[in-house]
$ cat run33.cif   # mmCIF, C-alpha atoms
data_structure
loop_
_atom_site.label_atom_id
_atom_site.label_comp_id
_atom_site.auth_asym_id
_atom_site.auth_seq_id
_atom_site.Cartn_x
_atom_site.Cartn_y
_atom_site.Cartn_z
CA MET A 4 29.30 111.99 212.57
CA GLN A 5 26.17 114.13 212.82
CA VAL A 6 26.25 117.82 211.93
CA ASN A 7 24.98 120.21 214.58
CA GLN A 8 21.86 121.80 213.05
CA GLU A 9 22.57 125.14 214.73
CA ASN A 10 26.06 125.38 213.18
CA ALA A 11 25.22 123.79 209.83
CA LYS A 12 25.54 125.78 206.63
CA LYS A 13 22.22 127.20 205.53
CA THR A 14 20.41 125.03 202.99
CA ASN A 15 18.74 126.62 199.95
CA VAL A 16 15.68 124.45 199.52
CA ARG A 17 13.59 127.58 198.86
CA TYR A 18 15.18 127.89 195.39
CA PHE A 19 14.09 124.36 194.48
CA ILE A 20 10.56 125.21 195.66
CA LEU A 21 10.67 128.35 193.51
CA LEU A 22 11.77 126.30 190.49
CA LEU A 23 8.77 124.00 190.91
CA ILE A 24 6.45 126.99 191.28
CA PHE A 25 7.92 128.45 188.07
CA ILE A 26 7.42 125.19 186.14
CA VAL A 27 3.82 124.75 187.30
CA THR A 28 2.99 128.40 186.60
CA THR A 29 4.48 128.05 183.12
CA PHE A 30 2.10 125.23 182.30
CA ASN A 31 -0.70 127.11 184.01
CA TYR A 32 -0.29 129.78 181.32
CA VAL A 33 0.42 127.34 178.50
CA ASP A 34 -2.93 125.72 179.22
CA ARG A 35 -4.66 129.11 179.33
CA ALA A 36 -3.08 130.13 176.01
CA THR A 37 -4.03 126.96 174.11
CA LEU A 38 -7.40 128.37 173.09
CA SER A 39 -5.93 131.63 171.77
CA ILE A 40 -3.57 129.67 169.52
CA ALA A 41 -6.34 127.32 168.38
CA ALA A 42 -8.89 130.12 167.93
CA PRO A 43 -8.22 131.16 164.30
CA SER A 44 -8.47 127.54 163.11
CA MET A 45 -11.41 126.75 165.38
CA LYS A 46 -13.34 129.79 164.12
CA LYS A 47 -13.10 128.52 160.56
CA GLU A 48 -13.70 124.86 161.29
CA LEU A 49 -16.55 125.31 163.79
CA GLY A 50 -18.10 128.51 162.39
CA PHE A 51 -17.63 130.70 165.47
CA ASP A 52 -17.97 134.50 165.06
CA ALA A 53 -16.08 137.10 167.14
CA VAL A 54 -18.69 137.30 169.92
CA THR A 55 -18.94 133.50 170.18
CA MET A 56 -15.17 133.28 170.37
CA GLY A 57 -15.17 136.02 173.01
CA LEU A 58 -17.65 134.00 175.07
CA ALA A 59 -15.46 130.92 174.76
CA PHE A 60 -12.43 132.94 175.89
CA SER A 61 -14.39 134.30 178.86
CA ALA A 62 -15.64 130.91 180.11
CA PHE A 63 -12.40 130.34 181.99
CA GLY A 64 -12.63 133.78 183.54
CA TRP A 65 -16.17 133.37 184.88
CA ALA A 66 -15.23 130.29 186.90
CA TYR A 67 -11.69 131.38 187.79
CA THR A 68 -12.89 134.72 189.11
CA ALA A 69 -15.92 133.39 190.98
CA MET A 70 -13.79 130.75 192.73
CA GLN A 71 -11.03 133.07 193.97
CA ILE A 72 -12.49 133.72 197.43
CA PRO A 73 -13.71 130.12 198.02
CA GLY A 74 -10.37 128.91 196.61
CA GLY A 75 -8.48 131.16 199.02
CA TRP A 76 -10.53 129.82 201.93
CA ILE A 77 -9.80 126.21 200.87
CA LEU A 78 -6.12 127.12 200.55
CA ASP A 79 -5.96 128.53 204.08
CA LYS A 80 -7.74 125.42 205.38
CA TYR A 81 -5.84 122.62 203.57
CA GLY A 82 -2.53 124.16 202.45
CA ALA A 83 -0.83 124.79 199.11
CA ARG A 84 0.59 121.33 198.42
CA VAL A 85 -2.68 119.37 198.27
CA VAL A 86 -4.93 122.12 196.92
CA TYR A 87 -2.55 123.27 194.19
CA GLY A 88 -1.50 119.74 193.23
CA THR A 89 -5.08 118.53 192.93
CA GLY A 90 -6.02 121.60 190.92
CA LEU A 91 -3.09 121.04 188.56
CA LEU A 92 -4.15 117.46 187.94
CA LEU A 93 -7.76 118.45 187.23
CA TRP A 94 -7.09 121.44 184.97
CA SER A 95 -4.66 119.34 182.92
CA ILE A 96 -7.34 116.70 182.39
CA PHE A 97 -9.86 119.36 181.34
CA THR A 98 -7.29 120.82 178.92
CA PHE A 99 -6.70 117.40 177.36
CA LEU A 100 -10.45 116.88 176.86
CA GLN A 101 -10.78 120.17 174.93
CA GLY A 102 -9.02 118.47 172.03
CA PHE A 103 -12.19 116.42 171.43
CA VAL A 104 -14.75 119.26 171.27
CA GLY A 105 -14.64 119.48 167.46
CA TYR A 106 -16.00 115.96 167.17
CA PHE A 107 -19.33 116.86 168.81
CA ALA A 108 -22.33 118.71 167.37
CA SER A 109 -22.57 120.89 170.49
CA ALA A 110 -18.92 121.96 170.20
CA PHE A 111 -19.36 125.43 171.70
CA ALA A 112 -21.29 124.19 174.74
CA LEU A 113 -18.71 121.49 175.45
CA LEU A 114 -15.82 123.93 174.98
CA PHE A 115 -17.46 126.46 177.30
CA ILE A 116 -18.05 123.81 180.00
CA LEU A 117 -14.47 122.49 179.85
CA ARG A 118 -12.97 126.00 179.97
CA PHE A 119 -15.29 126.78 182.88
CA LEU A 120 -14.18 123.66 184.78
CA MET A 121 -10.57 124.50 183.98
CA GLY A 122 -11.10 127.93 185.57
CA ILE A 123 -12.42 126.32 188.76
CA ALA A 124 -9.41 123.99 188.98
CA GLU A 125 -6.89 126.81 188.40
CA SER A 126 -8.46 129.21 190.90
CA PRO A 127 -6.11 128.48 193.86
CA ALA A 128 -2.94 128.69 191.72
CA PHE A 129 -1.74 132.25 192.27
CA PRO A 130 -2.89 132.58 195.88
CA ALA A 131 -0.91 129.35 196.44
CA ASN A 132 2.13 130.82 194.66
CA SER A 133 1.93 133.90 196.88
CA ARG A 134 1.43 131.84 200.04
CA LEU A 135 4.44 129.62 199.27
CA THR A 136 6.77 132.54 198.49
CA VAL A 137 5.74 134.34 201.67
CA MET A 138 6.44 131.14 203.62
CA TRP A 139 9.73 130.30 201.92
CA PHE A 140 11.35 133.72 201.27
CA PRO A 141 12.42 136.62 203.50
CA THR A 142 11.12 140.07 202.56
CA HIS A 143 14.33 141.23 200.84
CA GLU A 144 14.25 138.23 198.46
CA ARG A 145 10.51 138.21 197.86
CA GLY A 146 10.45 140.78 195.06
CA LEU A 147 12.72 138.64 192.89
CA ALA A 148 10.98 135.41 193.92
CA THR A 149 7.61 136.89 192.97
CA ALA A 150 9.02 138.23 189.71
CA ILE A 151 10.35 134.78 188.84
CA PHE A 152 7.05 132.97 189.23
CA GLN A 153 5.19 135.90 187.61
CA SER A 154 7.60 135.82 184.68
CA ALA A 155 6.52 132.25 183.96
CA GLN A 156 3.56 133.66 182.05
CA TYR A 157 5.91 135.39 179.60
CA PHE A 158 8.22 132.39 179.47
CA ALA A 159 5.23 130.19 178.63
CA LEU A 160 4.17 132.42 175.73
CA ALA A 161 7.72 132.97 174.44
CA VAL A 162 8.78 129.32 174.44
CA PHE A 163 5.54 127.48 173.76
CA THR A 164 3.72 129.79 171.32
CA PRO A 165 6.02 128.80 168.41
CA LEU A 166 5.68 125.13 169.40
CA MET A 167 1.89 125.32 169.62
CA THR A 168 1.48 127.17 166.30
CA TRP A 169 3.78 124.62 164.63
CA THR A 170 1.60 121.86 166.11
CA VAL A 171 -1.55 123.48 164.66
CA HIS A 172 0.11 123.89 161.26
CA THR A 173 1.58 120.36 161.17
CA TRP A 174 -1.31 118.36 162.64
CA SER A 175 -4.33 120.35 163.84
CA TRP A 176 -5.56 122.52 166.68
CA HIS A 177 -6.76 119.40 168.56
CA TYR A 178 -3.21 118.29 169.35
CA ILE A 179 -2.13 121.35 171.32
CA PHE A 180 -4.77 120.44 173.90
CA PHE A 181 -3.70 116.79 173.93
CA TRP A 182 0.01 117.31 174.59
CA THR A 183 -0.27 120.23 177.05
CA GLY A 184 -2.87 118.34 179.09
CA ALA A 185 -0.79 115.18 179.18
CA VAL A 186 2.36 117.00 180.33
CA GLY A 187 0.39 118.77 183.06
CA VAL A 188 -0.84 115.47 184.50
CA GLY A 189 2.77 114.29 184.83
CA ILE A 190 3.85 117.52 186.55
CA ALA A 191 0.97 117.20 189.04
CA PHE A 192 2.32 113.93 190.43
CA PHE A 193 5.83 115.44 190.67
CA TRP A 194 4.41 118.43 192.60
CA LEU A 195 2.55 116.26 195.11
CA LYS A 196 5.70 114.23 195.75
CA TYR A 197 8.18 117.09 196.34
CA ILE A 198 6.34 120.19 197.56
CA ARG A 199 6.13 120.78 201.32
CA GLU A 200 5.79 123.78 203.59
CA PRO A 201 9.10 124.84 205.21
CA LYS A 202 8.77 123.14 208.59
CA HIS A 203 7.67 119.88 207.00
CA HIS A 204 10.30 119.63 204.25
CA LYS A 205 12.96 117.01 204.92
CA GLY A 206 15.66 118.90 203.03
CA VAL A 207 15.50 122.20 204.92
CA ASN A 208 17.66 122.79 208.00
CA GLN A 209 17.19 125.08 210.98
CA ALA A 210 19.65 127.64 209.61
CA GLU A 211 17.51 128.20 206.53
CA LEU A 212 14.33 128.35 208.62
CA ASP A 213 15.94 130.97 210.88
CA TYR A 214 17.11 132.94 207.84
CA ILE A 215 13.58 132.98 206.41
CA GLN A 216 11.89 133.94 209.66
CA THR A 217 14.46 136.55 210.71
CA GLY A 218 14.12 138.20 207.30
CA GLY A 219 10.34 138.53 207.57
CA GLY A 220 9.27 135.24 205.98
CA LEU A 221 6.20 133.62 207.50
CA SER A 222 7.30 130.00 207.51
CA ASN A 223 4.86 129.09 210.28
CA ILE A 224 1.59 130.43 208.83
CA GLY A 225 0.48 126.90 208.04
CA ASP A 226 0.84 125.70 211.63
CA ASP A 227 -2.46 126.95 212.99
CA LYS A 228 -5.70 126.32 211.07
CA THR A 229 -7.47 129.42 212.36
CA GLN A 230 -11.12 130.14 211.68
CA ILE A 231 -11.65 132.84 209.08
CA LYS A 232 -14.17 135.47 210.14
CA TRP A 233 -16.46 137.72 208.15
CA SER A 234 -15.09 140.69 210.07
CA GLN A 235 -11.64 139.91 208.64
CA VAL A 236 -12.99 139.75 205.10
CA ARG A 237 -14.82 143.08 205.61
CA ALA A 238 -11.58 144.63 206.84
CA LEU A 239 -9.83 143.57 203.64
CA ILE A 240 -12.47 144.86 201.23
CA SER A 241 -12.98 148.17 203.05
CA ASN A 242 -9.32 149.14 203.41
CA ARG A 243 -8.23 151.96 201.06
CA MET A 244 -4.77 150.51 200.43
CA MET A 245 -6.19 147.12 199.51
CA LEU A 246 -8.91 148.62 197.28
CA GLY A 247 -6.27 150.56 195.35
CA VAL A 248 -4.21 147.39 194.91
CA TYR A 249 -7.30 145.49 193.72
CA LEU A 250 -8.11 148.14 191.09
CA GLY A 251 -4.48 148.23 189.96
CA GLN A 252 -4.45 144.47 189.51
CA PHE A 253 -7.64 144.57 187.41
CA CYS A 254 -5.94 147.06 185.12
CA LEU A 255 -2.71 145.08 184.85
CA THR A 256 -4.59 141.82 184.24
CA THR A 257 -6.51 143.47 181.39
CA ILE A 258 -3.22 143.76 179.49
CA THR A 259 -2.40 140.12 180.27
CA TRP A 260 -5.72 138.86 178.91
CA PHE A 261 -5.44 140.81 175.66
CA PHE A 262 -2.22 138.91 174.99
CA LEU A 263 -3.65 135.61 176.26
CA THR A 264 -6.78 135.73 174.11
CA TRP A 265 -7.00 138.10 171.14
CA PHE A 266 -3.34 138.84 170.29
CA PRO A 267 -2.76 135.92 167.85
CA THR A 268 -6.08 136.71 166.15
CA TYR A 269 -5.05 140.38 165.95
CA LEU A 270 -1.82 139.45 164.17
CA ILE A 271 -3.64 137.17 161.71
CA GLU A 272 -6.74 139.26 160.98
CA ALA A 273 -5.46 142.82 161.41
CA LYS A 274 -1.89 142.32 160.18
CA GLY A 275 -2.39 139.44 157.74
CA MET A 276 0.24 137.11 159.20
CA SER A 277 0.24 133.33 158.73
CA ILE A 278 -0.20 131.01 161.71
CA LEU A 279 3.48 129.97 161.55
CA LYS A 280 4.64 133.58 161.42
CA VAL A 281 2.38 134.43 164.35
CA GLY A 282 4.06 131.68 166.36
CA LEU A 283 7.43 133.36 165.95
CA VAL A 284 6.31 136.98 166.09
CA ALA A 285 4.03 136.57 169.13
CA ALA A 286 6.98 135.19 171.09
CA ILE A 287 8.88 138.49 170.84
CA PRO A 288 6.61 140.57 173.14
CA ALA A 289 6.54 137.60 175.52
CA ILE A 290 10.35 137.58 175.69
CA ALA A 291 10.25 141.33 176.36
CA GLY A 292 7.70 140.72 179.11
CA PHE A 293 9.90 138.04 180.65
CA ILE A 294 12.89 140.41 180.73
CA GLY A 295 10.73 143.20 182.13
CA GLY A 296 9.30 140.92 184.79
CA MET A 297 12.72 139.85 186.01
CA LEU A 298 14.04 143.43 185.98
CA GLY A 299 11.01 144.65 187.92
CA GLY A 300 11.65 142.18 190.72
CA VAL A 301 15.39 142.87 190.84
CA TRP A 302 14.77 146.63 190.75
CA SER A 303 12.25 146.45 193.61
CA ASP A 304 14.57 144.39 195.84
CA TRP A 305 17.51 146.67 194.94
CA LEU A 306 15.53 149.74 195.99
CA LEU A 307 14.68 148.04 199.27
CA LYS A 308 18.29 147.05 199.96
CA ARG A 309 19.40 150.64 199.22
CA GLY A 310 17.37 151.85 202.17
CA ASN A 311 14.20 152.95 200.38
CA SER A 312 10.87 152.30 202.05
CA LEU A 313 8.75 149.31 201.11
CA THR A 314 6.30 151.78 199.55
CA VAL A 315 8.91 153.26 197.19
CA ALA A 316 10.48 149.89 196.39
CA ARG A 317 7.21 148.24 195.38
CA LYS A 318 5.18 151.10 193.90
CA THR A 319 7.83 152.69 191.68
CA PRO A 320 8.18 149.75 189.23
CA ILE A 321 4.42 149.18 189.23
CA ILE A 322 3.45 152.78 188.47
CA LEU A 323 6.06 153.26 185.74
CA GLY A 324 5.30 149.85 184.26
CA LEU A 325 1.56 150.52 184.00
CA LEU A 326 2.15 153.99 182.54
CA PHE A 327 4.41 152.71 179.78
CA SER A 328 2.18 149.70 179.06
CA SER A 329 -0.47 152.17 177.86
CA THR A 330 1.80 152.86 174.85
CA ILE A 331 0.09 149.84 173.25
CA VAL A 332 -2.27 152.41 171.68
CA ALA A 333 0.59 153.53 169.42
CA ALA A 334 0.18 150.30 167.41
CA ASN A 335 -2.91 151.93 165.84
CA TYR A 336 -0.69 154.55 164.19
CA VAL A 337 2.00 152.37 162.62
CA SER A 338 1.66 149.99 159.69
CA SER A 339 5.07 148.32 159.58
CA GLU A 340 5.06 144.83 161.11
CA ILE A 341 8.39 145.58 162.75
CA LEU A 342 7.03 148.73 164.40
CA VAL A 343 3.83 146.98 165.51
CA ILE A 344 5.84 144.27 167.24
CA ALA A 345 8.17 146.90 168.72
CA VAL A 346 5.18 148.73 170.24
CA MET A 347 3.67 145.50 171.56
CA SER A 348 7.05 144.46 172.99
CA LEU A 349 7.45 147.78 174.79
CA ALA A 350 3.96 147.48 176.25
CA PHE A 351 4.54 143.93 177.42
CA PHE A 352 8.03 144.78 178.74
CA ALA A 353 6.52 147.61 180.77
CA LYS A 354 3.71 145.38 182.00
CA GLY A 355 6.37 142.91 183.14
CA ILE A 356 8.18 145.66 185.06
CA GLY A 357 4.96 146.49 186.89
CA ASN A 358 3.86 142.93 187.51
CA LEU A 359 4.55 142.99 191.26
CA GLY A 360 0.98 142.84 192.51
CA TRP A 361 1.47 139.45 194.15
CA CYS A 362 4.53 140.79 195.93
CA ILE A 363 2.41 143.68 197.25
CA ILE A 364 -0.20 141.21 198.50
CA GLY A 365 2.51 139.17 200.21
CA ASP A 366 3.74 142.34 201.92
CA THR A 367 0.31 143.66 202.96
CA SER A 368 -1.96 140.65 203.65
CA PRO A 369 -2.74 139.79 207.28
CA LYS A 370 -0.90 136.57 208.09
CA GLU A 371 -4.07 134.98 209.48
CA VAL A 372 -5.86 135.09 206.11
CA MET A 373 -3.07 134.98 203.54
CA GLY A 374 -4.97 132.63 201.22
CA ILE A 375 -8.30 134.42 201.25
CA SER A 376 -6.58 137.80 200.90
CA GLY A 377 -4.84 136.51 197.79
CA GLY A 378 -8.17 135.12 196.62
CA ILE A 379 -9.92 138.50 196.92
CA PHE A 380 -6.99 140.18 195.15
CA ASN A 381 -7.06 137.65 192.32
CA PHE A 382 -10.87 137.84 192.14
CA CYS A 383 -10.71 141.57 191.50
CA GLY A 384 -7.82 141.23 189.07
CA ASN A 385 -9.41 138.46 187.08
CA ILE A 386 -12.69 140.21 186.54
CA ALA A 387 -10.55 141.37 183.61
CA SER A 388 -10.43 137.78 182.33
CA ILE A 389 -14.18 138.08 181.73
CA VAL A 390 -14.44 141.74 180.74
CA THR A 391 -11.44 141.89 178.37
CA PRO A 392 -12.29 139.10 175.89
CA LEU A 393 -15.98 140.06 175.85
CA SER A 394 -15.28 143.79 175.43
CA ILE A 395 -12.81 143.21 172.62
CA GLY A 396 -15.17 140.74 170.93
CA TYR A 397 -17.97 143.35 171.07
CA ILE A 398 -15.67 146.12 169.80
CA LEU A 399 -14.60 143.91 166.88
CA LYS A 400 -18.15 143.00 165.95
CA THR A 401 -19.42 146.59 166.07
CA SER A 402 -16.41 148.38 164.55
CA GLY A 403 -14.75 145.65 162.48
CA SER A 404 -11.36 146.92 163.73
CA PHE A 405 -8.89 146.29 166.55
CA ASP A 406 -8.18 150.05 166.93
CA GLY A 407 -10.79 150.55 169.64
CA ALA A 408 -9.63 147.40 171.42
CA LEU A 409 -6.08 148.74 171.76
CA VAL A 410 -7.39 152.09 173.02
CA TYR A 411 -9.42 150.22 175.64
CA VAL A 412 -6.37 148.26 176.84
CA GLY A 413 -4.17 151.38 176.93
CA VAL A 414 -6.64 153.49 178.90
CA VAL A 415 -7.15 150.75 181.48
CA GLY A 416 -3.37 150.50 181.97
CA PHE A 417 -3.22 154.26 182.65
CA ILE A 418 -6.03 153.99 185.21
CA GLY A 419 -4.02 151.28 187.01
CA ALA A 420 -1.04 153.60 187.35
CA MET A 421 -3.28 156.32 188.80
CA SER A 422 -4.71 153.85 191.31
CA TYR A 423 -1.27 153.06 192.72
CA LEU A 424 -0.27 156.72 192.60
CA PHE A 425 -3.31 158.24 194.32
CA ILE A 426 -5.27 155.49 196.13
CA VAL A 427 -2.88 152.87 197.53
CA GLY A 428 -0.82 155.12 199.81
CA ASP A 429 1.83 153.52 202.04
CA VAL A 430 2.52 149.81 201.58
CA LYS A 431 2.40 148.02 204.94
CA ARG A 432 1.00 144.81 206.43
CA LEU A 433 -2.63 145.13 207.42
CA GLU A 434 -3.27 144.17 211.04
CA LEU A 435 -6.63 142.59 211.87
CA SER A 436 -8.49 142.79 215.11
CA SER A 437 -10.42 139.80 216.38
CA GLY A 438 -14.13 139.65 215.67
CA ALA A 439 -17.11 137.39 215.47
CA GLY A 440 -18.69 135.61 212.57
CA ASP A 441 -16.76 132.55 211.52
CA LEU A 442 -17.00 131.53 207.87
#
$ encode --input "run33.cif" --output "structure tokens"
Amino acid sequence: MQVNQENAKKTNVRYFILLLIFIVTTFNYVDRATLSIAAPSMKKELGFDAVTMGLAFSAFGWAYTAMQIPGGWILDKYGARVVYGTGLLLWSIFTFLQGFVGYFASAFALLFILRFLMGIAESPAFPANSRLTVMWFPTHERGLATAIFQSAQYFALAVFTPLMTWTVHTWSWHYIFFWTGAVGVGIAFFWLKYIREPKHHKGVNQAELDYIQTGGGLSNIGDDKTQIKWSQVRALISNRMMLGVYLGQFCLTTITWFFLTWFPTYLIEAKGMSILKVGLVAAIPAIAGFIGGMLGGVWSDWLLKRGNSLTVARKTPIILGLLFSSTIVAANYVSSEILVIAVMSLAFFAKGIGNLGWCIIGDTSPKEVMGISGGIFNFCGNIASIVTPLSIGYILKTSGSFDGALVYVGVVGFIGAMSYLFIVGDVKRLELSSGAGDL
């Protein structure tokens, strides 16, 4: 006997989609973090100084940032399943190949090229995450859904940092690239098999589709392959609300890239910890960030359900999170390892609370250009992936200390809070008018 689709109990396929997004995003960040874990050993073995290491860290950022807008355009044109899945397969292969760079005379050049190619392949990842959550989740569930996939970065560092440092200690730095790359290749095939947009997924029923659409989800944005116009792009980059969000994301991403690049080196060189101890200690701020990230999403959705405006529900966690993340500067004034980790954990916890930028973009982006809007947002945010490792490398070379680096990170976090407080204004979806000039 067939079940009437209209009277059937609502399916919950969106949670399975979210789980896959979380898994892929976890390995997205594991692959990014491999170099930071390998860096102390690579510096000794390959003779890299702080500036050279900073350049190697930034290679990913140059490509990743430059490809955000083209990647967003490709995402709008071909959809998240194919673009994201292909990118995952490629960046995993490039990660695997980084394990061989030490066997070549031109190790730095090869490492830079592979990190650069990895940045190109990863460029559609977060715009795709945002696009999929906007398609699969109603507005009142989107804060938590965004927080879950955003929290994957903390989960990746918390769970895999000890494993990667143990791998370096037991075998060598080469092997963390080998195993993370190989796992990523396997996940890519799983993604391509099971990910679909809502209307094309065999497991979803009409009741769930109605629930998503009635609640403000945009499950049909993939139906029409509309032409993107220069006038639409100009509208995005000239809007005050969007500019404030872009600046805020640059500031928040600065904190992320300190932890993704220089943090293990900071613990080893500034605090004298062993590589094994770093593996355990570095996981603590990541756990705090994971908790903060989940709480930020829950808090935002709770505020919305309590009748607060979208502006209050989204901006409150972000502003307070960025303000408290600037307390990272306090690590310069404590010497106890316990207190240093406590300060770092508070900063990362607060950063997690405020890590709702992708939710803001989902709430504000014009539905016609969701991918390219996310690309512009991620482009601006990930300028920090270039600036942060290079700035800290320069500060280290000129001062010989991490003190200035922590001041830099803290001040940028404070600027981000001010951007959301004074520039962004009301949070609402930007409506575009039609114009000429197809891309």
$ atom_distance --input "run33.cif" --atom1 "atom CA of A:Gly218" --atom2 "atom CA of A:Lys308"
12.2 Å
$ closest_residue --input "run33.cif" --among "A:Ile190, A:Ile240, A:Ile151, A:Leu342" --to "A:Asn358" --atoms "only C-alpha atoms"
A:Ile151
$ closest_residue --input "run33.cif" --among "A:Lys274, A:Arg134, A:Lys354, A:His177" --to "A:Leu21" --atoms "only C-alpha atoms"
A:Arg134
$ closest_residue --input "run33.cif" --among "A:Tyr269, A:Ala286, A:Gly413, A:Gln153" --to "A:Leu399" --atoms "all atoms listed in the file"
A:Tyr269
$ closest_residue --input "run33.cif" --among "A:Trp305, A:Phe19, A:Phe351, A:Phe99" --to "A:Val186" --atoms "all atoms listed in the file"
A:Phe99
$ resolve_selection --input "run33.cif" --expression "the PyMOL selection byres ((chain A and resi 119) around 8)" --output "list in words"
Ala62, Phe63, Gly64, Trp65, Ala66, Tyr67, Phe115, Ile116, Leu117, Arg118, Leu120, Met121, Gly122 and Ile123 of chain A
$ axis_aligned_box --input "run33.cif" --around "stretch 121-136 of chain A" --padding-each-side "3 Å" --output "AutoDock Vina command-line options"
--center_x -2.8 --center_y 128.9 --center_z 192.0 --size_x 25.2 --size_y 15.9 --size_z 22.1
$ closest_residue --input "run33.cif" --among "A:Thr168, A:Thr142, A:Ser39, A:Thr89" --to "A:Ser277" --atoms "all atoms listed in the file"
A:Thr168
$ residues_around --input "run33.cif" --residues "A:Thr149" --least-positions-apart "2" --cutoff "9 Å" --atoms "only C-alpha atoms" --output "CSV table (one decimal) with C-alpha atoms, keeping the file's coordinate frame"
chain,number,residue,atom,x,y,z
A,132,ASN,CA,2.1,130.8,194.7
A,133,SER,CA,1.9,133.9,196.9
A,136,THR,CA,6.8,132.5,198.5
A,144,GLU,CA,14.2,138.2,198.5
A,145,ARG,CA,10.5,138.2,197.9
A,146,GLY,CA,10.4,140.8,195.1
A,147,LEU,CA,12.7,138.6,192.9
A,151,ILE,CA,10.4,134.8,188.8
A,152,PHE,CA,7.0,133.0,189.2
A,153,GLN,CA,5.2,135.9,187.6
A,154,SER,CA,7.6,135.8,184.7
A,300,GLY,CA,11.6,142.2,190.7
A,358,ASN,CA,3.9,142.9,187.5
A,359,LEU,CA,4.6,143.0,191.3
A,360,GLY,CA,1.0,142.8,192.5
A,361,TRP,CA,1.5,139.4,194.2
A,362,CYS,CA,4.5,140.8,195.9
$ resolve_selection --input "run33.cif" --expression "the PyMOL selection byres ((chain A and resi 430) around 7)" --output "list in words"
Leu313, Thr314, Thr367, Gly428, Asp429 and Lys431 of chain A
$ resolve_selection --input "run33.cif" --expression "the PyMOL selection byres ((chain A and resi 37) around 9)" --output "short mmCIF file (atom, residue, chain, number, x, y, z; two decimals) with C-alpha atoms, keeping the file's coordinate frame"
data_model
loop_
_atom_site.label_atom_id
_atom_site.label_comp_id
_atom_site.auth_asym_id
_atom_site.auth_seq_id
_atom_site.Cartn_x
_atom_site.Cartn_y
_atom_site.Cartn_z
CA TYR A 32 -0.29 129.78 181.32
CA VAL A 33 0.42 127.34 178.50
CA ASP A 34 -2.93 125.72 179.22
CA ARG A 35 -4.66 129.11 179.33
CA ALA A 36 -3.08 130.13 176.01
CA LEU A 38 -7.40 128.37 173.09
CA SER A 39 -5.93 131.63 171.77
CA ILE A 40 -3.57 129.67 169.52
CA ALA A 41 -6.34 127.32 168.38
CA ALA A 42 -8.89 130.12 167.93
CA THR A 98 -7.29 120.82 178.92
CA THR A 164 3.72 129.79 171.32
CA MET A 167 1.89 125.32 169.62
CA TRP A 176 -5.56 122.52 166.68
CA ILE A 179 -2.13 121.35 171.32
CA PHE A 180 -4.77 120.44 173.90
CA THR A 183 -0.27 120.23 177.05
CA LEU A 263 -3.65 135.61 176.26
#
$ closest_residue --input "run33.cif" --among "A:Cys254, A:Val54, A:Val372, A:Val248" --to "A:Val415" --atoms "only C-alpha atoms"
A:Cys254
$ atom_distance --input "run33.cif" --atom1 "atom CA of A:Gly88" --atom2 "atom CA of A:Leu195"
5.7 Å
